[in-house]
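Student: Take this structure first; my questions come after.
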Amino acid sequence: MPASPTREVDAAAADRGFAIYVHWPFCRAKCPYCDFNSHVRDGIDQAAWQAALLSALDHFAARTGPRQVDSVFFGGGTPSLMPPQTAAAVIDRIAARWRLSADVEISLEANPTSAEAGNFRALAAAGVNRISLGVQALDDAALVALGRQHSCAEALAALDAAAAAVPRRSFDLIYARPGQTPAQWQDELERALALAGGHLSLYQLTIEPGTAFHGLHRRGELVLPDEEAAADMFALTQARCAAARLPAYEVSNHAAPGQECRHNLVYWRYGEYLGVGPGAHGRFVVDGGRHATAGRRLPEHWLSAVAGDGHGLERDEALSVTERATEMLMLGLRLDEGVSAAAFEAETGCRLAVWLDAGAVAGLRELGLITLSAQRLRLTEAGRPVANAVLGELLARQPADLAGVSQ
């Protein structure tokens with residue numbers, strides 16, 4: 001039955017942020033570990049791409065109406081290859097179509113080559129106030145092995161350039177690389193912590209299907225550290241970052257209090273976001289229902305489609321309550337704060353404790369992998385390294401139809 005109208009629900013839970021993601025799909029080279037929607041092209045019609053991005057923004061503005069935008073994120077691909085004037089035009093159009101919050105976060109992903117770092121001040125002048133650098137390693141040999149186009153010296157210079165250009169910056173590193181030991185990772189992590197500007201994204205290398213690394217790994221030509229060593233590196237990462245006052249607020253993301261990436265928090269808290277560009281995904285509420293959208297993946301197809309329909313979407317559909325509940329759980333459990341019971345009820349009309357299978361919860365609690373209170377569901381410290389397995393257990397026993405779950 002529907003939720004009782006008298007039940008008290010945290011008012012703030014219903015407003016988990018509104019964000020806009022802008023995808024720039026082009027890179028100078030395809031990294032061998034990357035399965036993102038990124039492409040290498042000899043020539044790019046910059047005027048056509050700017051016009052298409054603005055057209056897609058206009059389409060979404062007509063659907064959402066006036067809203068307050070809490071964050072804008074330029075992702076890729078390599079958006080630091082985007083001309084600063086294109087970034088400026090996109091930001092200006094967003095400000096014209098919606099309201100920017102007083103402390104709006106406008107992030108842009110960048111590669112730390114000297115050529116791209118030279119654009120940081122121009123991007124800041126366009127409105128970018130946070131730069132996320134894809135450093136990936138603080139070792140030249142590892143950078144070559146990862147197919148990166150920059151050196152360690154360039155990465156250090158880019159970090160300085162970002163700090164001089166914008167008030168907030170972050171950088172990514174990949175660990176559990178082939179041949180890397182826990183001791184080597186600890187040395188690299190200590191260097192990273194000394195360089196951190198309030199936020200670090202630290203990812204364990206995974207082999208994704210369709211990547212160059214996948215083929216090498218399958219043939220035995222690329223060997224990763226064993227599970228025990230990888231687990232040791234994960235535990236080391238959590239402990240050292242916490243000691244350095246950059247605790248994990250998400251499984252792979254660490255920040256000083258107040259320096260969390262607000263854009264990603266919108267995703268993980270299951271807020272609303274628009275996805276603009278090739279392959280970009282969106283989740284937003286219109287006419288009382290949450291819609292899922294996705295742009296055509298191939299850049300040329302998206303560009304051509306926008307010329308015809310103004311948006312370039314290949315998916316645009318309302319999500320069922322069960323789909324929303326599942327997505328909210330999958331995303332929220334990645335956060336240290338976990339899934340808010342009040343937010344879950346505001347989204348689905350169902351109490352979290354009622355929706356979850358009691359047997360699955362009891363088993364995971366007994367193993368010390370989760371906690372569940374009246375306020376929230378969280379992974380424990382022991383549960384974080386096996387987050388995917390915990391999710392698999394919880395989702396395997398989800399109700400087929402949330403509308404049939406007793407409130």
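By order in the structure tokens, chains are A, B, ...; within a chain, residues start at 1; ligands start at 1, following the order shown.
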Could you name the residues that touch Ala29 in chain A at 10 Å or less, counting only C-alpha atoms, but leaving out those on the same chain fewer than 3 positions away, as a ChimeraX atom specification?

Tutor: /A:26,32,38-41,77-78,147-149

Student: Determine, counting only C-alpha atoms, which protein, DNA and RNA residues have an atom within 8 Å of an atom of range 61-70 of chain A; residues of the same chain fewer than 5 positions away are not included. Present the result as a list of chain:residue names.

Tutor: A:Gly17, A:Phe18, A:Ala19, A:Ile20, A:Arg97, A:Trp98, A:Arg99, A:Leu100, A:Ser101, A:Asp103, A:Val104, A:Glu105, A:Arg262, A:His263, A:Val285, A:Val286

Student: Output N, CA and C atoms of each residue in that selection to a file, as a compact mmCIF listing (two decimals), in the first residue's frame.

Tutor:
```txt
# COMPACT_ATOMS: atom_id res chain seq x y z
N GLY A 17 20.28 17.26 -4.45
CA GLY A 17 21.12 17.99 -5.38
C GLY A 17 20.68 17.84 -6.82
N PHE A 18 21.07 18.82 -7.63
CA PHE A 18 20.77 18.83 -9.06
C PHE A 18 22.05 19.22 -9.78
N ALA A 19 22.51 18.37 -10.67
CA ALA A 19 23.82 18.55 -11.31
C ALA A 19 23.71 18.36 -12.81
N ILE A 20 24.71 18.86 -13.51
CA ILE A 20 24.78 18.71 -14.97
C ILE A 20 26.14 18.15 -15.33
N ARG A 97 19.96 29.30 -18.43
CA ARG A 97 18.78 28.44 -18.46
C ARG A 97 18.34 27.98 -17.07
N TRP A 98 19.27 27.91 -16.12
CA TRP A 98 18.95 27.52 -14.75
C TRP A 98 19.56 28.55 -13.80
N ARG A 99 19.42 28.33 -12.51
CA ARG A 99 20.05 29.18 -11.50
C ARG A 99 21.27 28.45 -10.94
N LEU A 100 22.41 29.09 -10.93
CA LEU A 100 23.59 28.51 -10.30
C LEU A 100 23.56 28.81 -8.81
N SER A 101 23.80 27.80 -8.00
CA SER A 101 23.86 28.04 -6.56
C SER A 101 25.02 28.96 -6.24
N ASP A 103 27.41 28.69 -4.26
CA ASP A 103 28.70 28.00 -4.15
C ASP A 103 28.81 26.87 -5.17
N VAL A 104 28.27 27.07 -6.37
CA VAL A 104 28.27 26.03 -7.39
C VAL A 104 29.68 25.50 -7.63
N GLU A 105 29.78 24.19 -7.73
CA GLU A 105 31.04 23.53 -8.04
C GLU A 105 31.07 23.25 -9.54
N ARG A 262 31.33 17.44 -4.79
CA ARG A 262 29.89 17.61 -4.64
C ARG A 262 29.13 16.96 -5.79
N HIS A 263 29.71 17.00 -6.97
CA HIS A 263 29.04 16.42 -8.13
C HIS A 263 28.84 14.92 -7.93
N VAL A 285 13.95 14.14 -12.41
CA VAL A 285 12.50 14.02 -12.18
C VAL A 285 11.77 15.03 -13.06
N VAL A 286 10.79 14.54 -13.79
CA VAL A 286 9.94 15.39 -14.61
C VAL A 286 8.53 14.80 -14.58
```

Student: How many Å separate CA of Met330 in chain A from CA of Val72 in chain A?

Tutor: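 Computing it gives 22.7 Å between the two atoms.
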
Student: Which one of A:Val390, A:Leu364, A:Ile106, A:Ser373 sits closest to Leu352 in chain A if you count only C-alpha atoms?

Tutor: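 The closest residue to Leu352 in chain A is A:Ser373.
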
Student: DSSP says strand (DSSP E or B) for which residues of range 210-296 of chain A? Put them as a compact mmCIF listing (two decimals) with N, CA and C atoms, in the first residue's frame?

Tutor:
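Now in selection-v3.txt:
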```
# COMPACT_ATOMS: atom_id res chain seq x y z
N ALA A 248 38.18 8.09 3.65
CA ALA A 248 37.37 7.66 2.50
C ALA A 248 35.92 8.05 2.75
N TYR A 249 35.38 8.93 1.91
CA TYR A 249 33.95 9.20 1.99
C TYR A 249 33.18 8.34 1.00
N GLU A 250 33.92 7.69 0.11
CA GLU A 250 33.40 6.72 -0.85
C GLU A 250 34.50 5.67 -1.01
N ASN A 253 37.36 7.21 -2.97
CA ASN A 253 37.57 8.66 -2.92
C ASN A 253 37.78 9.13 -1.49
N HIS A 254 38.78 9.98 -1.33
CA HIS A 254 39.23 10.43 -0.01
C HIS A 254 39.28 11.95 0.00
N ALA A 255 38.80 12.54 1.09
CA ALA A 255 38.78 14.01 1.13
C ALA A 255 38.83 14.52 2.56
N GLU A 272 19.51 14.35 -8.61
CA GLU A 272 19.14 14.48 -10.02
C GLU A 272 20.31 15.04 -10.82
N TYR A 273 20.50 14.52 -12.01
CA TYR A 273 21.56 15.05 -12.86
C TYR A 273 21.18 14.85 -14.33
N LEU A 274 21.61 15.81 -15.13
CA LEU A 274 21.43 15.74 -16.57
C LEU A 274 22.72 15.26 -17.20
N GLY A 275 22.63 14.43 -18.22
CA GLY A 275 23.80 13.96 -18.95
C GLY A 275 23.77 14.51 -20.36
N VAL A 276 24.75 15.37 -20.69
CA VAL A 276 24.80 16.04 -21.98
C VAL A 276 26.04 15.58 -22.73
N HIS A 281 24.87 9.76 -19.30
CA HIS A 281 23.65 9.28 -18.65
C HIS A 281 23.06 10.36 -17.75
N GLY A 282 21.75 10.34 -17.61
CA GLY A 282 21.08 11.28 -16.73
C GLY A 282 20.00 10.59 -15.92
N ARG A 283 19.69 11.18 -14.78
CA ARG A 283 18.58 10.75 -13.93
C ARG A 283 17.94 12.02 -13.38
N PHE A 284 16.73 12.31 -13.78
CA PHE A 284 16.08 13.51 -13.30
C PHE A 284 14.57 13.32 -13.24
N VAL A 285 13.95 14.14 -12.41
CA VAL A 285 12.50 14.02 -12.18
C VAL A 285 11.77 15.03 -13.06
N VAL A 286 10.79 14.54 -13.79
CA VAL A 286 9.94 15.39 -14.61
C VAL A 286 8.53 14.80 -14.58
N GLY A 289 7.89 11.82 -12.17
CA GLY A 289 8.58 10.54 -12.30
C GLY A 289 10.05 10.72 -12.62
N ARG A 290 10.89 9.79 -12.14
CA ARG A 290 12.32 9.88 -12.43
C ARG A 290 12.60 9.22 -13.78
N HIS A 291 13.28 9.98 -14.65
CA HIS A 291 13.60 9.50 -15.98
C HIS A 291 15.07 9.12 -16.08
N ALA A 292 15.35 8.09 -16.86
CA ALA A 292 16.71 7.69 -17.19
C ALA A 292 16.97 8.05 -18.64
N THR A 293 18.07 8.75 -18.90
CA THR A 293 18.42 9.11 -20.27
C THR A 293 19.85 8.69 -20.55
N ALA A 294 20.15 8.50 -21.82
CA ALA A 294 21.52 8.21 -22.26
C ALA A 294 21.68 8.71 -23.68
N GLY A 295 22.78 9.40 -23.95
CA GLY A 295 23.06 9.88 -25.29
C GLY A 295 23.65 8.79 -26.17
```

Student: Just the residues within 7 Å of range 223-225 of chain A, please, counting only C-alpha atoms, with nothing from its chain fewer than 5 positions along; format it as a CSV table (one decimal) with N, CA and C atoms, in the first residue's frame.

Tutor:
```
chain,number,residue,atom,x,y,z
A,176,ALA,N,47.8,-1.2,-7.4
A,176,ALA,CA,47.7,-2.7,-7.7
A,176,ALA,C,48.0,-2.9,-9.1
A,177,ARG,N,49.0,-2.1,-9.6
A,177,ARG,CA,49.5,-2.3,-11.0
A,177,ARG,C,50.4,-3.5,-11.1
A,178,PRO,N,50.6,-4.0,-12.4
A,178,PRO,CA,51.5,-5.1,-12.6
A,178,PRO,C,52.8,-4.9,-12.0
A,179,GLY,N,53.3,-5.8,-11.1
A,179,GLY,CA,54.6,-5.8,-10.5
A,179,GLY,C,54.7,-4.9,-9.3
A,180,GLN,N,53.6,-4.2,-8.9
A,180,GLN,CA,53.7,-3.3,-7.8
A,180,GLN,C,53.5,-4.1,-6.5
A,217,HIS,N,45.9,-9.5,-20.5
A,217,HIS,CA,45.7,-10.3,-19.3
A,217,HIS,C,45.2,-11.7,-19.6
A,230,ALA,N,46.7,-7.2,-3.2
A,230,ALA,CA,45.8,-6.1,-3.5
A,230,ALA,C,44.9,-5.7,-2.3
```

Student: Quick one: of A:Cys31, A:Leu202, A:Ala89, A:Ala194, who's nearest to Thr237 in chain A, counting only C-alpha atoms?

Tutor: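 Result for the nearest residue to Thr237 in chain A: A:Leu202.
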
Student: Using only C-alpha atoms, tabulate the residues of range 295-399 of chain A lying at most 10 Å from any atom of range 57-60 of chain A, each with its closest atom pair and that distance in Å to one decimal, by chain and increasing residue number, as a Markdown table.

Tutor:
```
| residue | atom | partner | partner_atom | distance |
| --- | --- | --- | --- | --- |
| A:Val306 | CA | A:His59 | CA | 9.9 |
| A:Asp309 | CA | A:His59 | CA | 9.2 |
| A:Gly310 | CA | A:His59 | CA | 6.4 |
| A:His311 | CA | A:His59 | CA | 6.2 |
| A:Gly312 | CA | A:His59 | CA | 10.0 |
```

Student: Print the selection's residues with C-alpha atoms to a file, as a tab-separated table (two decimals), in the first residue's frame.

Tutor:
```tsv
chain	number	residue	atom	x	y	z
A	306	VAL	CA	21.40	16.53	-32.19
A	309	ASP	CA	16.26	16.19	-32.72
A	310	GLY	CA	18.09	18.70	-30.52
A	311	HIS	CA	19.24	16.20	-27.87
A	312	GLY	CA	20.95	13.09	-29.30
```
